Amino acid sequence: MQIKDARSLPSVAQEDLRYKVVAAVAKGMTQTEAAEVFNVSRFSVFKWNKAHCNGGKVALRSHMRGRPAVSKLKGYEAASIVRIITDSCPEQMKLPFVLWTREAVQMLILRRCKLRLSIWTVGRYLARWGFTPQKPARRAYEKDTAEVKKWLEEEYPAIKKRAMKLKAEIHWEDETGMRSDHQAGTTWAPRGHTPVVSCTGKRFRTNMISSITNRGALAFRIYRCSFTADLFIDFLARLIKFKRRKVFVIVDGHPVHKSEAVQNWVEANESRIEMFFMPGYSPELNPDELLNQDVKTNAVGRQRAKTLYELESNIEQYLIQRQFFPEMVQKYFQKVSVIYAA
């Protein structure tokens, strides 16, 4: 007779088996008979009965299996590592990494705590601390945080207050380029088999200038040429042509925006339009950047234009749809970085 290895059974089944064997022996069955009836070894029957005699029914209960979850890092050491990862970058800690990878954290723990851990253990620690792998956002070194703070706390509130007084409409403007080979989104495929999407081998691009308001208004123009002062002036002229109210346009520091021709035109039309400049290198403060991302993802990246005309047609149709649904444009203002403009 082949003895059954009870260790292959679930914990609940093992515990139930031990109870039944001990109960059978207590009712008069010999340990040899119990071993044969329940298909287990006589040593197991002896061990279970002995445990029951010494500790009662409690001694037959199942216990947690595997290696006990004991942290090699002390509490204050773990807190120190978490604080460093949260508040610093690897370069500041003189580590040869740009991002906080498992290898970077592994080296940090070795240097700070004199403890050598595998990258798998480091990964478990990071998960336990609430960290997840994420794509980092880009931020320019030239960005002036003091200037951004002044914009959020002083300059934009003053613009908003003045716009309310004059009943003006605040437009957020930006330009962007669209390429035919822009890729967005993912697709399901068998593991180890990279999916292939058929597309043209030609590369072509077009450009877009647009402006949006927190009420859901959207204006745009698609163009193939370079962005020039004449083109920008033409866009602004079209923007104010059918507006009964004065228009406040908020732009970034692009050289065209600051060109003499544009400044002269704005001054000549100051009764209809005023222009304000955002802090430099701070695209995350402009809600129109979210429109750019939306168009690139859905009108370009998830469609496969075969010609430049088709690419421009896809973009135009998508933007026209957005114009018919102001509530979708308003959602661009709900992101944390731009909610101040909502």
# chains A, B, ... in the order shown; residues from 1 in each chain; ligands from 1
>>> select_by_dssp(residues="range 122-220 of chain A", states="alpha helix (DSSP H)", output="ChimeraX atom specification")
/A:122-128,145-150,156-166
>>> select_by_dssp(residues="range 152-298 of chain A", states="strand (DSSP E)", output="count of residues only")
35
>>> closest_atom_pairs(of="range 85-180 of chain A", to="range 261-281 of chain A", cutoff="12 Å", atoms="only C-alpha atoms", output="CSV")
residue,atom,partner,partner_atom,distance
A:Arg138,CA,A:Tyr281,CA,10.6
A:Arg139,CA,A:Tyr281,CA,7.9
A:Ala140,CA,A:Tyr281,CA,6.2
A:Tyr141,CA,A:Tyr281,CA,8.5
A:Glu142,CA,A:Tyr281,CA,6.7
A:Lys143,CA,A:Tyr281,CA,5.2
A:Asp144,CA,A:Gly280,CA,7.4
A:Thr145,CA,A:Pro279,CA,9.1
A:Ala146,CA,A:Pro279,CA,9.6
A:Glu147,CA,A:Pro279,CA,6.2
A:Val148,CA,A:Pro279,CA,5.9
A:Lys149,CA,A:Pro279,CA,9.3
A:Lys150,CA,A:Pro279,CA,9.0
A:Trp151,CA,A:Pro279,CA,6.9
A:Leu152,CA,A:Pro279,CA,9.7
A:Glu155,CA,A:Met278,CA,9.2
A:Tyr156,CA,A:Met278,CA,8.8
A:Ala158,CA,A:Phe276,CA,11.3
A:Ile159,CA,A:Phe276,CA,8.5
A:Lys160,CA,A:Phe276,CA,11.4
A:Arg162,CA,A:Glu274,CA,11.2
A:Ala163,CA,A:Glu274,CA,10.2
A:Leu166,CA,A:Ser271,CA,10.8
A:Lys167,CA,A:Arg272,CA,11.7
A:Ala168,CA,A:Ile273,CA,8.9
A:Glu169,CA,A:Ile273,CA,9.5
A:Ile170,CA,A:Glu274,CA,9.6
A:His171,CA,A:Met275,CA,9.5
A:Trp172,CA,A:Phe276,CA,9.8
A:Glu173,CA,A:Met275,CA,10.2
A:Asp174,CA,A:Met278,CA,11.3
>>> write_last_selection(atoms="C-alpha atoms", output="PDB file, in the first residue's frame")
ATOM      1  CA  ARG A 138       9.648  65.566 -17.368  1.00  0.00           C
ATOM      2  CA  ARG A 139      10.578  68.883 -15.781  1.00  0.00           C
ATOM      3  CA  ALA A 140      13.029  71.392 -17.230  1.00  0.00           C
ATOM      4  CA  TYR A 141      16.031  72.429 -15.144  1.00  0.00           C
ATOM      5  CA  GLU A 142      15.377  76.031 -16.190  1.00  0.00           C
ATOM      6  CA  LYS A 143      12.001  76.103 -14.477  1.00  0.00           C
ATOM      7  CA  ASP A 144      11.781  78.850 -11.848  1.00  0.00           C
ATOM      8  CA  THR A 145       9.656  77.610  -8.946  1.00  0.00           C
ATOM      9  CA  ALA A 146       9.446  81.087  -7.437  1.00  0.00           C
ATOM     10  CA  GLU A 147       8.072  82.429 -10.719  1.00  0.00           C
ATOM     11  CA  VAL A 148       5.506  79.614 -10.841  1.00  0.00           C
ATOM     12  CA  LYS A 149       4.422  80.334  -7.280  1.00  0.00           C
ATOM     13  CA  LYS A 150       4.006  84.020  -8.108  1.00  0.00           C
ATOM     14  CA  TRP A 151       1.910  83.102 -11.153  1.00  0.00           C
ATOM     15  CA  LEU A 152      -0.406  80.847  -9.145  1.00  0.00           C
ATOM     16  CA  GLU A 155      -0.528  87.004 -11.376  1.00  0.00           C
ATOM     17  CA  TYR A 156      -3.275  84.649 -12.543  1.00  0.00           C
ATOM     18  CA  ALA A 158      -5.228  89.240 -10.817  1.00  0.00           C
ATOM     19  CA  ILE A 159      -5.907  88.311 -14.470  1.00  0.00           C
ATOM     20  CA  LYS A 160      -9.014  86.380 -13.463  1.00  0.00           C
ATOM     21  CA  ARG A 162      -9.763  91.744 -14.115  1.00  0.00           C
ATOM     22  CA  ALA A 163     -11.456  89.442 -16.635  1.00  0.00           C
ATOM     23  CA  LEU A 166     -14.408  93.533 -17.841  1.00  0.00           C
ATOM     24  CA  LYS A 167     -16.521  90.436 -18.590  1.00  0.00           C
ATOM     25  CA  ALA A 168     -13.665  89.153 -20.723  1.00  0.00           C
ATOM     26  CA  GLU A 169     -13.180  85.576 -21.910  1.00  0.00           C
ATOM     27  CA  ILE A 170      -9.909  83.849 -20.906  1.00  0.00           C
ATOM     28  CA  HIS A 171      -8.382  81.669 -23.631  1.00  0.00           C
ATOM     29  CA  TRP A 172      -5.449  79.304 -23.070  1.00  0.00           C
ATOM     30  CA  GLU A 173      -3.429  78.985 -26.281  1.00  0.00           C
ATOM     31  CA  ASP A 174      -0.722  76.586 -27.466  1.00  0.00           C
TER      32      ASP A 174
END
>>> residues_around(residues="Phe232 in chain A", least_positions_apart="4", cutoff="9 Å", atoms="only C-alpha atoms", output="list in words")
Ile209, Phe227, Thr228, Leu236, Ala237, Val256, His257 and Val262 of chain A
>>> residues_around(residues="Trp129 in chain A", least_positions_apart="3", cutoff="10 Å", atoms="only C-alpha atoms", output="list in words")
Ala78, Ala79, Val82, Gly123, Arg124, Tyr125, Leu126 and Thr132 of chain A
>>> write_last_selection(atoms="N, CA and C atoms", output="compact mmCIF listing (two decimals), in the first residue's frame")
# COMPACT_ATOMS: atom_id res chain seq x y z
N ALA A 78 14.02 51.41 7.56
CA ALA A 78 13.02 51.42 6.49
C ALA A 78 12.45 52.82 6.30
N ALA A 79 12.17 53.51 7.40
CA ALA A 79 11.62 54.87 7.31
C ALA A 79 12.61 55.81 6.64
N VAL A 82 12.62 55.10 2.82
CA VAL A 82 11.40 55.63 2.21
C VAL A 82 11.49 57.14 2.06
N GLY A 123 12.26 44.51 -4.27
CA GLY A 123 10.96 44.72 -4.91
C GLY A 123 9.81 44.49 -3.95
N ARG A 124 9.93 43.47 -3.11
CA ARG A 124 8.87 43.21 -2.12
C ARG A 124 8.79 44.32 -1.08
N TYR A 125 9.97 44.82 -0.68
CA TYR A 125 9.98 45.94 0.26
C TYR A 125 9.28 47.16 -0.35
N LEU A 126 9.60 47.47 -1.61
CA LEU A 126 9.01 48.64 -2.26
C LEU A 126 7.49 48.50 -2.36
N THR A 132 5.08 51.94 -6.49
CA THR A 132 4.78 51.22 -7.72
C THR A 132 5.65 51.79 -8.84
>>> residues_around(residues="Arg238 in chain A", least_positions_apart="2", cutoff="12 Å", atoms="only C-alpha atoms", output="count of residues only")
18
>>> atom_distance(atom1="CA of His193 in chain A", atom2="CA of Asp181 in chain A")
21.3 Å
>>> residues_around(residues="range 96-103 of chain A", least_positions_apart="2", cutoff="8 Å", atoms="only C-alpha atoms", output="MDAnalysis selection string")
chainID A and resid 85 89:91 94 105:107 119 122:123
>>> residues_around(residues="Leu308 in chain A", least_positions_apart="4", cutoff="8 Å", atoms="only C-alpha atoms", output="number ranges by chain")
A: 180, 204-206, 312
>>> write_last_selection(atoms="C-alpha atoms", output="PDB file, in the first residue's frame")
ATOM      1  CA  SER A 180       2.153  60.113 -38.583  1.00  0.00           C
ATOM      2  CA  PHE A 204       4.673  63.104 -42.555  1.00  0.00           C
ATOM      3  CA  ARG A 205       3.578  65.733 -40.111  1.00  0.00           C
ATOM      4  CA  THR A 206       1.291  68.683 -39.639  1.00  0.00           C
ATOM      5  CA  GLU A 312      -5.198  66.319 -41.110  1.00  0.00           C
TER       6      GLU A 312
END
>>> atom_distance(atom1="CA of Glu33 in chain A", atom2="CA of Asn54 in chain A")
22.2 Å
>>> atom_distance(atom1="CA of Glu289 in chain A", atom2="CA of Ala229 in chain A")
20.6 Å
